[in-house]
file query.cif (mmCIF, C-alpha atoms and all ligand atoms)
data_data
#
loop_
_atom_site.group_PDB
_atom_site.id
_atom_site.type_symbol
_atom_site.label_atom_id
_atom_site.label_comp_id
_atom_site.auth_asym_id
_atom_site.auth_seq_id
_atom_site.Cartn_x
_atom_site.Cartn_y
_atom_site.Cartn_z
ATOM 1 C CA MET A 1 60.259 62.076 -2.731
ATOM 2 C CA LYS A 2 63.676 61.102 -1.372
ATOM 3 C CA ASP A 3 65.720 58.446 -3.132
ATOM 4 C CA THR A 4 65.824 56.230 -0.071
ATOM 5 C CA THR A 5 67.427 53.326 -1.930
ATOM 6 C CA GLN A 6 70.665 55.203 -2.627
ATOM 7 C CA PHE A 7 70.521 56.716 0.842
ATOM 8 C CA MET A 8 70.246 53.327 2.479
ATOM 9 C CA TYR A 9 73.327 51.881 0.849
ATOM 10 C CA SER A 10 75.574 54.876 1.440
ATOM 11 C CA LEU A 11 74.649 54.850 5.123
ATOM 12 C CA SER A 12 75.278 51.194 5.728
ATOM 13 C CA SER A 13 76.756 51.971 9.157
ATOM 14 C CA LEU A 14 73.234 52.935 10.209
ATOM 15 C CA ARG A 15 71.694 49.741 8.912
ATOM 16 C CA ASN A 16 70.029 48.948 12.199
ATOM 17 C CA ASP A 17 68.229 52.275 12.254
ATOM 18 C CA ARG A 18 64.454 51.648 12.230
ATOM 19 C CA TRP A 19 63.762 54.494 9.799
ATOM 20 C CA ILE A 20 66.173 53.134 7.242
ATOM 21 C CA MET A 21 64.891 49.590 7.638
ATOM 22 C CA ASP A 22 61.318 50.752 7.089
ATOM 23 C CA ASN A 23 62.320 52.703 4.019
ATOM 24 C CA ILE A 24 63.949 49.678 2.438
ATOM 25 C CA LEU A 25 60.578 47.956 2.524
ATOM 26 C CA GLU A 26 58.775 51.054 1.263
ATOM 27 C CA ARG A 27 60.485 50.756 -2.130
ATOM 28 C CA CYS A 28 62.085 47.372 -2.072
ATOM 29 C CA THR A 29 65.246 46.712 -4.064
ATOM 30 C CA LEU A 30 66.642 44.035 -1.779
ATOM 31 C CA CYS A 31 67.092 41.467 -4.531
ATOM 32 C CA PRO A 32 68.190 41.763 -8.191
ATOM 33 C CA ARG A 33 64.551 42.000 -9.320
ATOM 34 C CA ARG A 34 64.587 45.540 -7.845
ATOM 35 C CA CYS A 35 60.821 45.622 -8.328
ATOM 36 C CA GLY A 36 60.366 48.609 -6.005
ATOM 37 C CA ALA A 37 57.237 47.229 -4.304
ATOM 38 C CA ASP A 38 55.883 49.331 -1.451
ATOM 39 C CA ARG A 39 55.817 46.405 0.938
ATOM 40 C CA LEU A 40 55.390 48.678 3.930
ATOM 41 C CA ASN A 41 51.996 49.812 2.650
ATOM 42 C CA GLY A 42 50.224 46.644 1.659
ATOM 43 C CA LYS A 43 51.896 45.765 -1.631
ATOM 44 C CA TYR A 44 53.680 42.498 -2.416
ATOM 45 C CA GLY A 45 56.830 42.198 -4.466
ATOM 46 C CA PHE A 46 57.678 39.817 -7.293
ATOM 47 C CA CYS A 47 58.860 37.456 -4.563
ATOM 48 C CA GLY A 48 55.440 37.455 -2.864
ATOM 49 C CA ALA A 49 56.715 39.004 0.368
ATOM 50 C CA GLY A 50 54.881 41.818 2.120
ATOM 51 C CA SER A 51 55.768 43.713 5.276
ATOM 52 C CA GLU A 52 55.490 40.763 7.652
ATOM 53 C CA VAL A 53 58.080 38.041 7.955
ATOM 54 C CA ARG A 54 56.553 34.739 6.925
ATOM 55 C CA ILE A 55 58.106 31.390 7.747
ATOM 56 C CA ALA A 56 57.158 27.779 7.039
ATOM 57 C CA GLY A 57 58.924 26.276 10.011
ATOM 58 C CA ALA A 58 61.820 26.508 12.462
ATOM 59 C CA SER A 59 63.380 23.220 13.515
ATOM 60 C CA LEU A 60 66.532 21.174 13.855
ATOM 61 C CA HIS A 61 67.570 19.877 10.444
ATOM 62 C CA MET A 62 69.885 16.865 10.189
ATOM 63 C CA TRP A 63 70.459 16.653 6.444
ATOM 64 C CA GLU A 64 72.610 19.645 5.672
ATOM 65 C CA GLU A 65 76.314 19.063 5.009
ATOM 66 C CA PRO A 66 78.109 17.488 8.002
ATOM 67 C CA CYS A 67 79.989 20.679 8.915
ATOM 68 C CA ILE A 68 76.623 22.469 9.144
ATOM 69 C CA SER A 69 74.312 19.869 10.695
ATOM 70 C CA GLY A 70 76.740 17.906 12.865
ATOM 71 C CA LYS A 71 75.149 15.430 15.266
ATOM 72 C CA GLU A 72 72.875 17.948 16.968
ATOM 73 C CA GLY A 73 71.392 19.474 13.823
ATOM 74 C CA SER A 74 71.243 22.861 12.169
ATOM 75 C CA GLY A 75 68.714 25.329 13.586
ATOM 76 C CA THR A 76 66.852 25.904 10.360
ATOM 77 C CA VAL A 77 64.329 28.650 9.697
ATOM 78 C CA PHE A 78 62.526 28.250 6.364
ATOM 79 C CA PHE A 79 61.316 31.583 4.994
ATOM 80 C CA SER A 80 58.235 31.655 2.777
ATOM 81 C CA ASN A 81 58.299 33.169 -0.755
ATOM 82 C CA CYS A 82 61.268 33.409 -3.099
ATOM 83 C CA THR A 83 62.938 35.795 -5.519
ATOM 84 C CA LEU A 84 63.441 33.053 -8.121
ATOM 85 C CA LYS A 85 60.776 31.056 -9.938
ATOM 86 C CA CYS A 86 62.455 27.727 -10.627
ATOM 87 C CA VAL A 87 60.220 25.396 -12.614
ATOM 88 C CA PHE A 88 61.624 22.428 -10.695
ATOM 89 C CA CYS A 89 61.345 23.966 -7.207
ATOM 90 C CA GLN A 90 61.404 21.276 -4.522
ATOM 91 C CA ASN A 91 59.482 23.495 -2.053
ATOM 92 C CA TYR A 92 56.887 24.960 -4.408
ATOM 93 C CA ASP A 93 54.170 25.558 -1.800
ATOM 94 C CA VAL A 94 56.586 27.539 0.353
ATOM 95 C CA SER A 95 58.349 29.463 -2.413
ATOM 96 C CA THR A 96 55.413 30.247 -4.698
ATOM 97 C CA ASN A 97 52.187 29.627 -2.756
ATOM 98 C CA SER A 98 53.471 31.419 0.366
ATOM 99 C CA LEU A 99 52.789 28.465 2.611
ATOM 100 C CA GLY A 100 53.680 29.527 6.134
ATOM 101 C CA TYR A 101 52.684 31.807 8.976
ATOM 102 C CA ASN A 102 53.579 35.379 9.877
ATOM 103 C CA VAL A 103 55.931 36.111 12.746
ATOM 104 C CA SER A 104 56.982 39.369 14.362
ATOM 105 C CA VAL A 105 60.652 40.313 14.591
ATOM 106 C CA ASP A 106 60.539 39.481 18.305
ATOM 107 C CA GLU A 107 59.071 36.051 17.579
ATOM 108 C CA LEU A 108 61.751 35.430 14.961
ATOM 109 C CA SER A 109 64.441 36.404 17.411
ATOM 110 C CA GLN A 110 62.902 34.091 20.024
ATOM 111 C CA ALA A 111 62.861 31.258 17.459
ATOM 112 C CA PHE A 112 66.636 31.713 17.059
ATOM 113 C CA LEU A 113 67.102 31.506 20.827
ATOM 114 C CA ASP A 114 64.822 28.455 21.094
ATOM 115 C CA LEU A 115 66.862 26.635 18.443
ATOM 116 C CA GLN A 116 70.059 27.480 20.300
ATOM 117 C CA GLY A 117 68.373 26.092 23.418
ATOM 118 C CA LYS A 118 67.804 22.829 21.535
ATOM 119 C CA LYS A 119 71.584 22.588 20.938
ATOM 120 C CA ALA A 120 71.496 23.655 17.301
ATOM 121 C CA ASN A 121 74.981 24.084 15.868
ATOM 122 C CA ASN A 122 73.951 27.256 14.065
ATOM 123 C CA ILE A 123 70.989 29.316 12.891
ATOM 124 C CA ASN A 124 70.362 28.419 9.258
ATOM 125 C CA LEU A 125 68.348 31.056 7.369
ATOM 126 C CA VAL A 126 66.845 29.379 4.298
ATOM 127 C CA THR A 127 65.788 31.680 1.410
ATOM 128 C CA PRO A 128 66.122 34.809 3.563
ATOM 129 C CA THR A 129 66.854 37.551 0.982
ATOM 130 C CA HIS A 130 63.484 39.313 0.970
ATOM 131 C CA TYR A 131 63.453 39.579 4.793
ATOM 132 C CA VAL A 132 67.005 40.853 5.358
ATOM 133 C CA PRO A 133 66.042 44.049 7.267
ATOM 134 C CA GLN A 134 63.858 42.144 9.728
ATOM 135 C CA ILE A 135 66.422 39.346 10.034
ATOM 136 C CA ILE A 136 69.154 41.845 10.952
ATOM 137 C CA GLU A 137 66.882 43.272 13.640
ATOM 138 C CA ALA A 138 66.041 39.795 14.945
ATOM 139 C CA ILE A 139 69.721 38.801 15.104
ATOM 140 C CA GLU A 140 70.574 41.975 17.022
ATOM 141 C CA THR A 141 67.792 41.325 19.525
ATOM 142 C CA ALA A 142 68.720 37.665 19.921
ATOM 143 C CA ARG A 143 72.401 38.462 20.395
ATOM 144 C CA GLU A 144 71.513 40.923 23.127
ATOM 145 C CA LYS A 145 69.697 38.040 24.819
ATOM 146 C CA GLY A 146 72.545 35.543 24.480
ATOM 147 C CA LEU A 147 72.589 34.137 20.922
ATOM 148 C CA VAL A 148 76.175 33.063 20.244
ATOM 149 C CA ILE A 149 76.032 30.301 17.613
ATOM 150 C CA PRO A 150 77.034 31.050 13.989
ATOM 151 C CA ILE A 151 74.467 32.408 11.564
ATOM 152 C CA VAL A 152 74.225 30.688 8.161
ATOM 153 C CA TYR A 153 72.822 32.537 5.147
ATOM 154 C CA ASN A 154 71.402 29.789 2.941
ATOM 155 C CA THR A 155 70.510 31.385 -0.382
ATOM 156 C CA SER A 156 69.734 30.724 -4.036
ATOM 157 C CA GLY A 157 72.704 32.955 -4.835
ATOM 158 C CA TYR A 158 70.427 35.511 -6.527
ATOM 159 C CA GLU A 159 71.570 38.431 -4.398
ATOM 160 C CA ASN A 160 72.497 42.075 -4.716
ATOM 161 C CA VAL A 161 76.033 42.862 -3.601
ATOM 162 C CA GLU A 162 74.595 45.812 -1.647
ATOM 163 C CA THR A 163 72.345 43.493 0.332
ATOM 164 C CA ILE A 164 75.290 41.208 1.117
ATOM 165 C CA LYS A 165 77.204 44.252 2.362
ATOM 166 C CA MET A 166 74.339 45.080 4.733
ATOM 167 C CA LEU A 167 74.826 41.658 6.321
ATOM 168 C CA ASP A 168 78.474 42.262 7.240
ATOM 169 C CA GLY A 169 78.865 41.435 10.923
ATOM 170 C CA TYR A 170 75.609 39.465 11.084
ATOM 171 C CA ILE A 171 76.433 36.428 8.952
ATOM 172 C CA ASP A 172 79.220 33.972 9.733
ATOM 173 C CA ILE A 173 78.699 31.357 7.022
ATOM 174 C CA TYR A 174 77.411 31.959 3.536
ATOM 175 C CA MET A 175 75.857 28.926 1.844
ATOM 176 C CA PRO A 176 74.872 30.102 -1.666
ATOM 177 C CA ASP A 177 73.720 27.985 -4.565
ATOM 178 C CA LEU A 178 75.448 28.434 -7.875
ATOM 179 C CA LYS A 179 72.684 26.990 -10.020
ATOM 180 C CA TYR A 180 73.763 27.795 -13.570
ATOM 181 C CA TYR A 181 76.823 28.889 -15.482
ATOM 182 C CA ASP A 182 74.956 29.786 -18.662
ATOM 183 C CA ASN A 183 72.332 32.500 -18.258
ATOM 184 C CA LYS A 184 70.142 30.951 -20.941
ATOM 185 C CA PHE A 185 69.347 28.076 -18.561
ATOM 186 C CA ALA A 186 68.726 30.544 -15.731
ATOM 187 C CA ALA A 187 66.268 32.417 -17.943
ATOM 188 C CA LYS A 188 64.499 29.257 -19.033
ATOM 189 C CA PHE A 189 64.275 27.406 -15.741
ATOM 190 C CA SER A 190 64.380 30.109 -13.042
ATOM 191 C CA GLY A 191 63.015 33.222 -14.777
ATOM 192 C CA ALA A 192 66.231 35.162 -14.127
ATOM 193 C CA ALA A 193 68.221 35.950 -17.277
ATOM 194 C CA ASP A 194 71.011 37.614 -15.285
ATOM 195 C CA TYR A 195 71.355 34.892 -12.627
ATOM 196 C CA SER A 196 74.875 33.655 -13.359
ATOM 197 C CA ASP A 197 76.573 37.064 -13.437
ATOM 198 C CA VAL A 198 74.625 38.242 -10.404
ATOM 199 C CA ALA A 199 75.293 35.113 -8.352
ATOM 200 C CA MET A 200 79.012 35.090 -9.157
ATOM 201 C CA ALA A 201 79.336 38.737 -8.079
ATOM 202 C CA ALA A 202 77.369 38.030 -4.898
ATOM 203 C CA ILE A 203 79.517 35.015 -4.015
ATOM 204 C CA ASP A 204 82.606 37.143 -4.552
ATOM 205 C CA ALA A 205 81.210 39.691 -2.051
ATOM 206 C CA MET A 206 80.416 36.894 0.422
ATOM 207 C CA TYR A 207 83.950 35.516 0.176
ATOM 208 C CA ARG A 208 85.498 38.949 0.650
ATOM 209 C CA GLN A 209 83.375 39.404 3.768
ATOM 210 C CA VAL A 210 83.989 36.141 5.634
ATOM 211 C CA GLY A 211 87.172 34.763 4.010
ATOM 212 C CA LYS A 212 88.555 31.243 4.177
ATOM 213 C CA PRO A 213 86.740 28.558 6.162
ATOM 214 C CA VAL A 214 87.294 28.266 9.906
ATOM 215 C CA PHE A 215 86.186 25.236 11.950
ATOM 216 C CA ASP A 216 85.817 24.498 15.637
ATOM 217 C CA SER A 217 87.409 21.518 17.372
ATOM 218 C CA ARG A 218 84.395 19.320 16.475
ATOM 219 C CA GLY A 219 84.717 20.038 12.766
ATOM 220 C CA MET A 220 81.742 22.411 12.651
ATOM 221 C CA MET A 221 82.129 25.384 10.343
ATOM 222 C CA LYS A 222 82.305 28.663 12.240
ATOM 223 C CA ARG A 223 82.983 30.936 9.312
ATOM 224 C CA GLY A 224 83.391 30.701 5.552
ATOM 225 C CA VAL A 225 81.621 30.015 2.280
ATOM 226 C CA LEU A 226 80.062 26.740 1.185
ATOM 227 C CA ILE A 227 78.844 26.823 -2.414
ATOM 228 C CA ARG A 228 76.167 24.348 -3.457
ATOM 229 C CA HIS A 229 75.330 23.108 -6.898
ATOM 230 C CA LEU A 230 72.341 20.875 -7.550
ATOM 231 C CA MET A 231 73.003 18.972 -10.760
ATOM 232 C CA LEU A 232 70.070 18.995 -13.159
ATOM 233 C CA PRO A 233 69.329 16.216 -15.656
ATOM 234 C CA GLY A 234 70.497 17.226 -19.136
ATOM 235 C CA LEU A 235 72.773 20.030 -17.919
ATOM 236 C CA LEU A 236 76.020 18.126 -17.308
ATOM 237 C CA ARG A 237 78.072 20.511 -19.437
ATOM 238 C CA ASP A 238 76.785 23.475 -17.402
ATOM 239 C CA SER A 239 77.713 21.683 -14.158
ATOM 240 C CA ILE A 240 81.221 21.081 -15.473
ATOM 241 C CA HIS A 241 81.564 24.799 -16.269
ATOM 242 C CA ILE A 242 80.552 25.578 -12.686
ATOM 243 C CA ILE A 243 83.081 23.148 -11.239
ATOM 244 C CA ASP A 244 85.795 24.676 -13.431
ATOM 245 C CA TYR A 245 84.749 28.188 -12.412
ATOM 246 C CA ILE A 246 84.862 27.401 -8.694
ATOM 247 C CA SER A 247 88.180 25.586 -9.024
ATOM 248 C CA LYS A 248 89.777 28.463 -10.902
ATOM 249 C CA THR A 249 88.290 31.260 -8.792
ATOM 250 C CA TYR A 250 88.431 29.867 -5.252
ATOM 251 C CA GLY A 251 90.282 26.541 -5.321
ATOM 252 C CA ASN A 252 90.198 25.108 -1.807
ATOM 253 C CA ASN A 253 89.424 28.430 -0.136
ATOM 254 C CA VAL A 254 85.717 27.584 -0.162
ATOM 255 C CA TYR A 255 83.798 24.372 0.427
ATOM 256 C CA PHE A 256 81.783 22.951 -2.429
ATOM 257 C CA SER A 257 78.761 20.678 -2.207
ATOM 258 C CA LEU A 258 77.861 18.785 -5.375
ATOM 259 C CA MET A 259 74.256 17.679 -5.000
ATOM 260 C CA SER A 260 72.564 14.800 -6.780
ATOM 261 C CA GLN A 261 69.093 14.718 -5.214
ATOM 262 C CA TYR A 262 67.110 16.457 -7.957
ATOM 263 C CA THR A 263 63.576 15.069 -7.789
ATOM 264 C CA PRO A 264 60.815 15.964 -10.297
ATOM 265 C CA LEU A 265 57.741 16.544 -8.128
ATOM 266 C CA ARG A 266 55.324 17.411 -10.931
ATOM 267 C CA HIS A 267 55.378 17.488 -14.740
ATOM 268 C CA ILE A 268 57.675 20.192 -16.082
ATOM 269 C CA GLU A 269 56.913 21.700 -19.491
ATOM 270 C CA GLY A 270 59.753 22.651 -21.818
ATOM 271 C CA SER A 271 62.367 20.102 -20.792
ATOM 272 C CA GLU A 272 61.750 16.392 -20.930
ATOM 273 C CA ALA A 273 65.064 15.789 -19.124
ATOM 274 C CA LEU A 274 63.804 17.612 -16.022
ATOM 275 C CA ASN A 275 60.983 15.095 -15.664
ATOM 276 C CA HIS A 276 63.499 12.440 -14.628
ATOM 277 C CA LYS A 277 65.953 12.020 -11.802
ATOM 278 C CA LEU A 278 69.631 12.568 -12.478
ATOM 279 C CA ASP A 279 71.393 9.575 -14.025
ATOM 280 C CA PHE A 280 74.113 8.831 -11.499
ATOM 281 C CA LYS A 281 76.756 8.188 -14.148
ATOM 282 C CA TYR A 282 76.674 11.935 -14.918
ATOM 283 C CA TYR A 283 77.045 12.724 -11.250
ATOM 284 C CA ASN A 284 80.120 10.501 -11.056
ATOM 285 C CA PHE A 285 81.540 12.234 -14.122
ATOM 286 C CA ALA A 286 81.194 15.584 -12.327
ATOM 287 C CA VAL A 287 82.815 14.180 -9.175
ATOM 288 C CA ASP A 288 85.750 13.059 -11.327
ATOM 289 C CA ARG A 289 86.056 16.597 -12.675
ATOM 290 C CA CYS A 290 86.342 17.948 -9.113
ATOM 291 C CA ILE A 291 89.158 15.473 -8.455
ATOM 292 C CA GLU A 292 90.956 16.306 -11.723
ATOM 293 C CA ASN A 293 90.755 20.006 -10.820
ATOM 294 C CA GLY A 294 92.381 19.390 -7.426
ATOM 295 C CA LEU A 295 89.323 20.345 -5.367
ATOM 296 C CA GLU A 296 89.634 18.760 -1.922
ATOM 297 C CA ASN A 297 86.915 20.499 0.091
ATOM 298 C CA VAL A 298 84.007 18.864 -1.693
ATOM 299 C CA TYR A 299 80.909 17.185 -0.269
ATOM 300 C CA VAL A 300 79.526 14.458 -2.496
ATOM 301 C CA GLN A 301 76.422 12.290 -2.133
ATOM 302 C CA ASN A 302 75.453 8.717 -2.795
ATOM 303 C CA GLU A 303 72.379 7.648 -4.749
ATOM 304 C CA GLU A 304 70.199 7.341 -1.635
ATOM 305 C CA ALA A 305 70.168 11.123 -1.266
ATOM 306 C CA ALA A 306 67.758 11.373 -4.211
ATOM 307 C CA SER A 307 64.705 10.862 -2.055
ATOM 308 C CA GLU A 308 61.637 12.965 -1.258
ATOM 309 C CA SER A 309 62.135 12.043 2.391
ATOM 310 C CA PHE A 310 64.896 14.660 2.483
ATOM 311 C CA ILE A 311 62.378 17.404 1.790
ATOM 312 C CA PRO A 312 61.382 18.818 5.196
ATOM 313 C CA GLN A 313 57.832 19.007 6.498
ATOM 314 C CA PHE A 314 56.461 22.559 6.311
ATOM 315 C CA TYR A 315 53.655 24.232 8.244
ATOM 316 C CA GLY A 316 51.147 27.042 7.801
ATOM 317 C CA ASN A 317 48.540 28.276 5.352
ATOM 318 C CA LYS A 318 48.750 29.176 1.696
ATOM 319 C CA MET A 319 48.089 32.811 0.878
HETATM 320 S S1 LIG R 401 62.956 41.163 -2.448
HETATM 321 FE FE1 LIG R 401 60.902 40.910 -3.333
HETATM 322 S S2 LIG R 401 59.956 42.930 -3.170
HETATM 323 FE FE2 LIG R 401 62.163 43.198 -2.889
HETATM 324 S S3 LIG R 401 62.999 43.664 -4.935
HETATM 325 FE FE3 LIG R 401 63.144 41.452 -4.661
HETATM 326 S S4 LIG R 401 61.234 40.652 -5.560
HETATM 327 FE FE4 LIG R 401 60.918 42.837 -5.200
#
call {"tool": "encode", "arguments": {"input": "query.cif", "output": "structure tokens"}}
result
Amino acid sequence: MKDTTQFMYSLSSLRNDRWIMDNILERCTLCPRRCGADRLNGKYGFCGAGSEVRIAGASLHMWEEPCISGKEGSGTVFFSNCTLKCVFCQNYDVSTNSLGYNVSVDELSQAFLDLQGKKANNINLVTPTHYVPQIIEAIETAREKGLVIPIVYNTSGYENVETIKMLDGYIDIYMPDLKYYDNKFAAKFSGAADYSDVAMAAIDAMYRQVGKPVFDSRGMMKRGVLIRHLMLPGLLRDSIHIIDYISKTYGNNVYFSLMSQYTPLRHIEGSEALNHKLDFKYYNFAVDRCIENGLENVYVQNEEAASESFIPQFYGNKM
């Protein structure tokens, strides 16, 4: 049997070739789990994804950062399933129970065009990693039919550098999380003991690909990297390490969003702290650290953001 994984990455210029795309799904190594599931022939990977693209909704979303949502909204497509297993997931039914409905590549491409028709400022692909081959195909089809708005890759940060390289030319804005600095927290709370190293390498590849931020005349981001960090109760020191890392590595060449809206939606075993909302005094401490470090391109939140009403409505069936 051919080693199609190696073949795929060395022939990245042929990434839109149907044969190569199919073979990626036949022995999937799209994400750092590299579980090798034969998704093309009825198997499901660690992430829960099979051969079909599954989404939980496609709609205008008003609560992303201002340079992403603007007044008109971000054209958000929520993909079902996830390569991480965060114990505190805010979209558990979508990420773990596969809530959603299957769409063909043509339907996905039409969803992009429909969102553009509704004046979306961009197409915002939420948790897209496990569907990258189909997403590339859908973007190509949509662009042939007139899609011109920027494409945002909104990810947990748990990405293979090779997969990010496949997206060169398709993605304008990378919006990765950087969830943890210390891998022991990543292992405990997201089931990914290599998360921090992997995410930092992936973000480096994203930055090399799209460079410094570029905005249009309305202040909407057209290109660049926006790193998000959701502060978790009890992990202030880890958040400070992340702020220091971003300051030292990228300074003001990326945007940074420090998020406070952690909401415990069910009882979490193994960490009493995670069963409470974030105490805002710790959030303010982290904001101060951004200021001390000279970070200027930072989005911060007020206490009202910590509300379940910011969690979007999703649609579909559980698998
Ligand atoms: S994307 Fe899913 S199927 Fe592919 S390697 Fe990752 S967990 Fe496995």
call {"tool": "closest_residue", "arguments": {"input": "query.cif", "among": "A:Tyr158, A:Phe88, A:Trp63, A:Phe112", "to": "ligand LIG 401 (chain R)", "atoms": "only C-alpha atoms and all ligand atoms"}}
result
A:Tyr158
call {"tool": "resolve_selection", "arguments": {"input": "query.cif", "expression": "the PyMOL selection byres (((chain A and resi 303) around 12) and not hetatm)", "output": "number ranges by chain"}}
result
A: 259-263, 277-284, 300-302, 304-307
call {"tool": "write_last_selection", "arguments": {"input": "query.cif", "atoms": "C-alpha atoms", "output": "PDB file, in the frame of the given file"}}
result
ATOM      1  CA  MET A 259      74.256  17.679  -5.000  1.00  0.00           C
ATOM      2  CA  SER A 260      72.564  14.800  -6.780  1.00  0.00           C
ATOM      3  CA  GLN A 261      69.093  14.718  -5.214  1.00  0.00           C
ATOM      4  CA  TYR A 262      67.110  16.457  -7.957  1.00  0.00           C
ATOM      5  CA  THR A 263      63.576  15.069  -7.789  1.00  0.00           C
ATOM      6  CA  LYS A 277      65.953  12.020 -11.802  1.00  0.00           C
ATOM      7  CA  LEU A 278      69.631  12.568 -12.478  1.00  0.00           C
ATOM      8  CA  ASP A 279      71.393   9.575 -14.025  1.00  0.00           C
ATOM      9  CA  PHE A 280      74.113   8.831 -11.499  1.00  0.00           C
ATOM     10  CA  LYS A 281      76.756   8.188 -14.148  1.00  0.00           C
ATOM     11  CA  TYR A 282      76.674  11.935 -14.918  1.00  0.00           C
ATOM     12  CA  TYR A 283      77.045  12.724 -11.250  1.00  0.00           C
ATOM     13  CA  ASN A 284      80.120  10.501 -11.056  1.00  0.00           C
ATOM     14  CA  VAL A 300      79.526  14.458  -2.496  1.00  0.00           C
ATOM     15  CA  GLN A 301      76.422  12.290  -2.133  1.00  0.00           C
ATOM     16  CA  ASN A 302      75.453   8.717  -2.795  1.00  0.00           C
ATOM     17  CA  GLU A 304      70.199   7.341  -1.635  1.00  0.00           C
ATOM     18  CA  ALA A 305      70.168  11.123  -1.266  1.00  0.00           C
ATOM     19  CA  ALA A 306      67.758  11.373  -4.211  1.00  0.00           C
ATOM     20  CA  SER A 307      64.705  10.862  -2.055  1.00  0.00           C
TER      21      SER A 307
END
call {"tool": "residues_near_ligand", "arguments": {"input": "query.cif", "ligand": "ligand LIG 401 (chain R)", "cutoff": "12 Å", "atoms": "all atoms listed in the file", "output": "PyMOL selection string"}}
result
chain A and resi 5+23-40+42-53+80-85+95-96+127-133+158-160+163+191-192
call {"tool": "residues_around", "arguments": {"input": "query.cif", "residues": "stretch 247-256 of chain A", "least_positions_apart": "4", "cutoff": "9 Å", "atoms": "all atoms listed in the file", "output": "list of chain:residue names"}}
result
A:Tyr207, A:Gly211, A:Lys212, A:Pro213, A:Gly224, A:Val225, A:Leu226, A:Ile227, A:Arg228, A:His229, A:Ile242, A:Ile243, A:Cys290, A:Asn293, A:Gly294, A:Leu295, A:Glu296, A:Asn297, A:Val298, A:Tyr299, A:Val300
call {"tool": "atom_distance", "arguments": {"input": "query.cif", "atom1": "atom CA of A:Gln209", "atom2": "atom CA of A:Met221"}}
result
15.5 Å
call {"tool": "axis_aligned_box", "arguments": {"input": "query.cif", "around": "stretch 233-247 of chain A", "padding_each_side": "3 Å", "output": "lines of an AutoDock Vina configuration file"}}
result
center_x = 78.8
center_y = 22.2
center_z = -14.1
size_x = 24.9
size_y = 18.0
size_z = 16.7
call {"tool": "atom_distance", "arguments": {"input": "query.cif", "atom1": "atom CA of A:Tyr174", "atom2": "atom CA of A:Met206"}}
result
6.6 Å
